[in-house]
Amino acid sequence: MTIPTTDLWHHYGRTRHATDRSVPEGFAWSWGQDSGPGAEALGDVTGLCVGDLGAGAARHAAHLAVRHQPARIVAVDASPAQHAMACDFYGHLAPRLRLVHADVALHMHAMASTYDVLYSVFGAVDFTEPRGLLPAAARALRPGGRLVFSTLAHHLGGTPAHPDVQHTDVPAKTPDGETATMCRWVLQEHVWTKLLDEAGFTRISTEVLPGTPGPRTADTLLVTAFRTRHQPTD
């Protein structure tokens with residue numbers, strides 16, 4: 001028997017979700033969602049198959065579907081609550097926008113050489129063991145396909161990112177409000193670069209986007225990598 005996993009994203013963003021049902025005008029990578037490059041970091045997605053890894057309410061995916069003309073964008077999230085909100089807000093954008101409730105790594109394993117572009121905005125790349133997720137992303141991309149993700153350049157309290165592959169326990173709440181924790185990977189640039197290289201990526205680049213001053217400010221690490229033309233067989 002499969003025991004369902006507690007949805008630790010049940011409460012996330014509900015205040016905004018109650019008042020803002022719009023398709024965002026812009027696409028932002030930074031922690032504050034107020035600076036840095038926009039969708040151009042993905043390259044030209046016109047006519048391409050794009051995947052949003054850990055899409056939440058699918059706001060970024062909806063922006064791309066409406067304003068950038070991909071052939072299809074697939075917004076994947078494991079949270080039942082986030083997926084339900086995405087369907088409520090943006091289900092009408094089908095078939096260009098496809099909303100998928102699934103474990104991101106399992107989804108990518110089942111979609112070998114499907115995507116031209118994959119991205120994560122503080123999404124699944126932050127909250128999934130990277131030694132499993134990044135090889136799955138390489139598998140899901142077509143040869144030469146692009147992975148772009150934004151992640152914390154340091155912990156929110158200012159503590160430096162980890163110098164090795166180590167997760168941080170961060171606070172969360174169960175649907176009934178009980179205190180819980182979830183794993184988040186806050187890693188230094190060279191660690192991400194090494195993991196991506198080992199997973200089958202090349203042309204890896206990083207950029208630090210400075211945070212806007214404030215009580216919970218954080219710098220953002222924006223990472224771009226491309227799947228190698230030849231992947232090892234399973």
# chains A, B, ... in the order shown; residues from 1 in each chain; ligands from 1
>>> closest_atom_pairs(of="region 77-190 of chain A", to="region 5-29 of chain A", cutoff="12 Å", atoms="only C-alpha atoms", output="tab-separated table")
residue	atom	partner	partner_atom	distance
A:Asp77	CA	A:Trp9	CA	10.2
A:Ala78	CA	A:Asp7	CA	8.4
A:Ser79	CA	A:Asp7	CA	5.8
A:Pro80	CA	A:Asp7	CA	6.9
A:Ala81	CA	A:His10	CA	5.2
A:Gln82	CA	A:His10	CA	6.9
A:His83	CA	A:His10	CA	10.0
A:Ala84	CA	A:His10	CA	10.2
A:Met85	CA	A:His17	CA	7.7
A:Ala86	CA	A:His17	CA	9.6
A:Cys87	CA	A:Arg21	CA	11.3
A:Asp88	CA	A:Arg21	CA	9.0
A:Phe89	CA	A:Arg21	CA	5.9
A:Tyr90	CA	A:Val23	CA	8.2
A:Gly91	CA	A:Arg21	CA	11.7
A:His92	CA	A:Val23	CA	11.6
A:Leu93	CA	A:Val23	CA	10.3
A:Ala102	CA	A:Thr5	CA	11.9
A:Asp103	CA	A:Thr5	CA	10.8
A:Tyr119	CA	A:Trp29	CA	10.2
A:Ser120	CA	A:Trp29	CA	9.0
A:Val121	CA	A:Trp29	CA	6.1
A:Phe122	CA	A:Trp29	CA	8.3
A:Gly123	CA	A:Trp29	CA	11.0
A:Phe127	CA	A:Trp9	CA	11.4
A:Val148	CA	A:Trp29	CA	9.8
A:Phe149	CA	A:Trp29	CA	8.0
A:Ser150	CA	A:Trp29	CA	6.0
A:Thr151	CA	A:Trp29	CA	8.8
A:Leu152	CA	A:Trp29	CA	10.7
A:Val170	CA	A:Leu8	CA	11.1
A:Pro171	CA	A:Leu8	CA	9.6
A:Ala172	CA	A:Leu8	CA	6.1
A:Lys173	CA	A:Leu8	CA	5.7
A:Thr174	CA	A:Leu8	CA	5.2
A:Pro175	CA	A:His10	CA	5.5
A:Asp176	CA	A:His10	CA	9.1
A:Gly177	CA	A:His11	CA	8.6
A:Glu178	CA	A:Leu8	CA	9.9
A:Thr179	CA	A:Leu8	CA	9.7
A:Ala180	CA	A:Leu8	CA	7.9
A:Thr181	CA	A:Leu8	CA	8.3
A:Met182	CA	A:Leu8	CA	7.6
A:Cys183	CA	A:Leu8	CA	10.9
>>> residues_around(residues="Asp116 (chain A)", least_positions_apart="2", cutoff="6 Å", atoms="only C-alpha atoms", output="list in words")
Cys49, Leu141, Arg142 and Gly145 of chain A
>>> closest_atom_pairs(of="region 88-199 of chain A", to="region 207-216 of chain A", cutoff="8 Å", atoms="only C-alpha atoms", output="JSON lines")
{"residue": "A:Ala153", "atom": "CA", "partner": "A:Val208", "partner_atom": "CA", "distance": 7.1}
{"residue": "A:Leu156", "atom": "CA", "partner": "A:Arg216", "partner_atom": "CA", "distance": 6.2}
{"residue": "A:Gly157", "atom": "CA", "partner": "A:Arg216", "partner_atom": "CA", "distance": 7.4}
>>> select_by_dssp(residues="region 74-224 of chain A", states="strand (DSSP E or B)", output="ChimeraX atom specification")
/A:74-77,97-101,115-121,141-152,154,160,162,167-173,179-185,187,201-209,220-224
>>> select_by_dssp(residues="region 11-80 of chain A", states="alpha helix (DSSP H)", output="PyMOL selection string")
chain A and resi 14-19+59-67+80
>>> residues_around(residues="Leu147 (chain A)", least_positions_apart="6", cutoff="7 Å", atoms="only C-alpha atoms", output="list in words")
Val117, Leu118, Tyr119, Thr224, Ala225 and Phe226 of chain A
>>> write_last_selection(atoms="C-alpha atoms", output="PDB file, in the first residue's frame")
ATOM      1  CA  VAL A 117      13.844  23.834 -22.089  1.00  0.00           C
ATOM      2  CA  LEU A 118      13.400  23.094 -18.378  1.00  0.00           C
ATOM      3  CA  TYR A 119      13.356  25.706 -15.644  1.00  0.00           C
ATOM      4  CA  THR A 224      22.115  27.913 -16.844  1.00  0.00           C
ATOM      5  CA  ALA A 225      23.329  24.616 -18.294  1.00  0.00           C
ATOM      6  CA  PHE A 226      22.864  22.598 -21.478  1.00  0.00           C
TER       7      PHE A 226
END
>>> atom_distance(atom1="CA of Arg72 (chain A)", atom2="CA of Val50 (chain A)")
6.3 Å
>>> atom_distance(atom1="CA of Ala138 (chain A)", atom2="CA of His101 (chain A)")
20.5 Å
>>> closest_residue(among="A:Arg146, A:Arg131, A:His154, A:His107", to="Leu48 (chain A)", atoms="only C-alpha atoms")
A:Arg146
>>> atom_distance(atom1="CA of Pro135 (chain A)", atom2="CA of His155 (chain A)")
24.8 Å
>>> closest_residue(among="A:Ala75, A:Leu53, A:Val191, A:Val186", to="Ala136 (chain A)", atoms="only C-alpha atoms")
A:Leu53
>>> decode(residues="region 15-54 of chain A", atoms="N, CA and C atoms", output="compact mmCIF listing (two decimals), in the first residue's frame")
# COMPACT_ATOMS: atom_id res chain seq x y z
N THR A 15 -2.76 33.67 0.63
CA THR A 15 -3.25 35.05 0.70
C THR A 15 -3.26 35.67 -0.70
N ARG A 16 -2.16 35.52 -1.42
CA ARG A 16 -2.13 36.05 -2.79
C ARG A 16 -3.11 35.32 -3.69
N HIS A 17 -3.21 34.02 -3.52
CA HIS A 17 -4.08 33.24 -4.38
C HIS A 17 -5.54 33.66 -4.24
N ALA A 18 -5.90 34.18 -3.07
CA ALA A 18 -7.29 34.59 -2.84
C ALA A 18 -7.64 35.89 -3.56
N THR A 19 -6.63 36.67 -3.93
CA THR A 19 -6.89 38.00 -4.48
C THR A 19 -6.36 38.22 -5.89
N ASP A 20 -5.39 37.41 -6.33
CA ASP A 20 -4.72 37.66 -7.62
C ASP A 20 -4.82 36.43 -8.49
N ARG A 21 -5.69 36.49 -9.48
CA ARG A 21 -5.88 35.38 -10.41
C ARG A 21 -5.35 35.71 -11.80
N SER A 22 -4.58 36.76 -11.90
CA SER A 22 -4.14 37.25 -13.22
C SER A 22 -2.97 36.45 -13.77
N VAL A 23 -2.79 36.56 -15.07
CA VAL A 23 -1.58 36.06 -15.71
C VAL A 23 -0.52 37.16 -15.56
N PRO A 24 0.62 36.86 -14.93
CA PRO A 24 1.62 37.91 -14.69
C PRO A 24 2.10 38.56 -15.98
N GLU A 25 2.36 39.85 -15.90
CA GLU A 25 2.89 40.59 -17.03
C GLU A 25 4.35 40.24 -17.31
N GLY A 26 5.10 39.92 -16.23
CA GLY A 26 6.53 39.67 -16.37
C GLY A 26 6.95 38.33 -15.80
N PHE A 27 8.22 38.02 -15.99
CA PHE A 27 8.83 36.76 -15.53
C PHE A 27 10.10 37.16 -14.79
N ALA A 28 10.18 36.84 -13.51
CA ALA A 28 11.33 37.27 -12.70
C ALA A 28 11.98 36.07 -12.02
N TRP A 29 13.31 36.09 -11.97
CA TRP A 29 14.07 34.99 -11.38
C TRP A 29 14.49 35.27 -9.94
N SER A 30 14.54 36.52 -9.54
CA SER A 30 15.13 36.88 -8.24
C SER A 30 14.22 36.48 -7.09
N TRP A 31 14.83 36.34 -5.90
CA TRP A 31 14.08 35.97 -4.70
C TRP A 31 12.95 36.97 -4.44
N GLY A 32 13.21 38.24 -4.62
CA GLY A 32 12.18 39.25 -4.42
C GLY A 32 11.22 39.41 -5.58
N GLN A 33 11.44 38.67 -6.66
CA GLN A 33 10.62 38.76 -7.87
C GLN A 33 10.53 40.19 -8.40
N ASP A 34 11.65 40.91 -8.29
CA ASP A 34 11.62 42.32 -8.66
C ASP A 34 12.86 42.80 -9.41
N SER A 35 13.74 41.88 -9.81
CA SER A 35 14.97 42.32 -10.48
C SER A 35 15.54 41.18 -11.29
N GLY A 36 16.60 41.52 -12.05
CA GLY A 36 17.30 40.51 -12.83
C GLY A 36 16.67 40.31 -14.20
N PRO A 37 17.20 39.37 -14.96
CA PRO A 37 16.68 39.10 -16.30
C PRO A 37 15.27 38.52 -16.24
N GLY A 38 14.59 38.56 -17.36
CA GLY A 38 13.26 37.98 -17.44
C GLY A 38 13.28 36.67 -18.19
N ALA A 39 12.23 36.42 -18.95
CA ALA A 39 12.11 35.16 -19.68
C ALA A 39 13.20 34.97 -20.71
N GLU A 40 13.92 36.05 -21.07
CA GLU A 40 14.99 35.91 -22.06
C GLU A 40 16.09 34.98 -21.60
N ALA A 41 16.20 34.73 -20.29
CA ALA A 41 17.19 33.78 -19.79
C ALA A 41 16.92 32.36 -20.29
N LEU A 42 15.70 32.11 -20.72
CA LEU A 42 15.34 30.79 -21.26
C LEU A 42 15.70 30.65 -22.73
N GLY A 43 16.10 31.75 -23.37
CA GLY A 43 16.25 31.74 -24.81
C GLY A 43 14.89 31.91 -25.47
N ASP A 44 14.86 31.84 -26.77
CA ASP A 44 13.61 31.95 -27.53
C ASP A 44 12.85 30.63 -27.42
N VAL A 45 11.69 30.65 -26.75
CA VAL A 45 10.93 29.41 -26.54
C VAL A 45 9.82 29.24 -27.57
N THR A 46 9.76 30.10 -28.56
CA THR A 46 8.71 29.99 -29.58
C THR A 46 8.73 28.62 -30.24
N GLY A 47 7.60 27.94 -30.18
CA GLY A 47 7.47 26.64 -30.82
C GLY A 47 8.14 25.48 -30.09
N LEU A 48 8.64 25.71 -28.88
CA LEU A 48 9.36 24.68 -28.15
C LEU A 48 8.50 24.04 -27.07
N CYS A 49 8.98 22.90 -26.57
CA CYS A 49 8.35 22.22 -25.43
C CYS A 49 9.12 22.61 -24.18
N VAL A 50 8.43 23.23 -23.22
CA VAL A 50 9.05 23.81 -22.03
C VAL A 50 8.45 23.16 -20.79
N GLY A 51 9.29 22.90 -19.78
CA GLY A 51 8.81 22.32 -18.53
C GLY A 51 9.15 23.19 -17.34
N ASP A 52 8.17 23.43 -16.46
CA ASP A 52 8.35 24.17 -15.21
C ASP A 52 8.39 23.16 -14.08
N LEU A 53 9.52 23.07 -13.41
CA LEU A 53 9.77 22.04 -12.40
C LEU A 53 9.47 22.58 -11.01
N GLY A 54 8.38 22.12 -10.43
CA GLY A 54 7.92 22.67 -9.16
C GLY A 54 7.20 23.97 -9.40
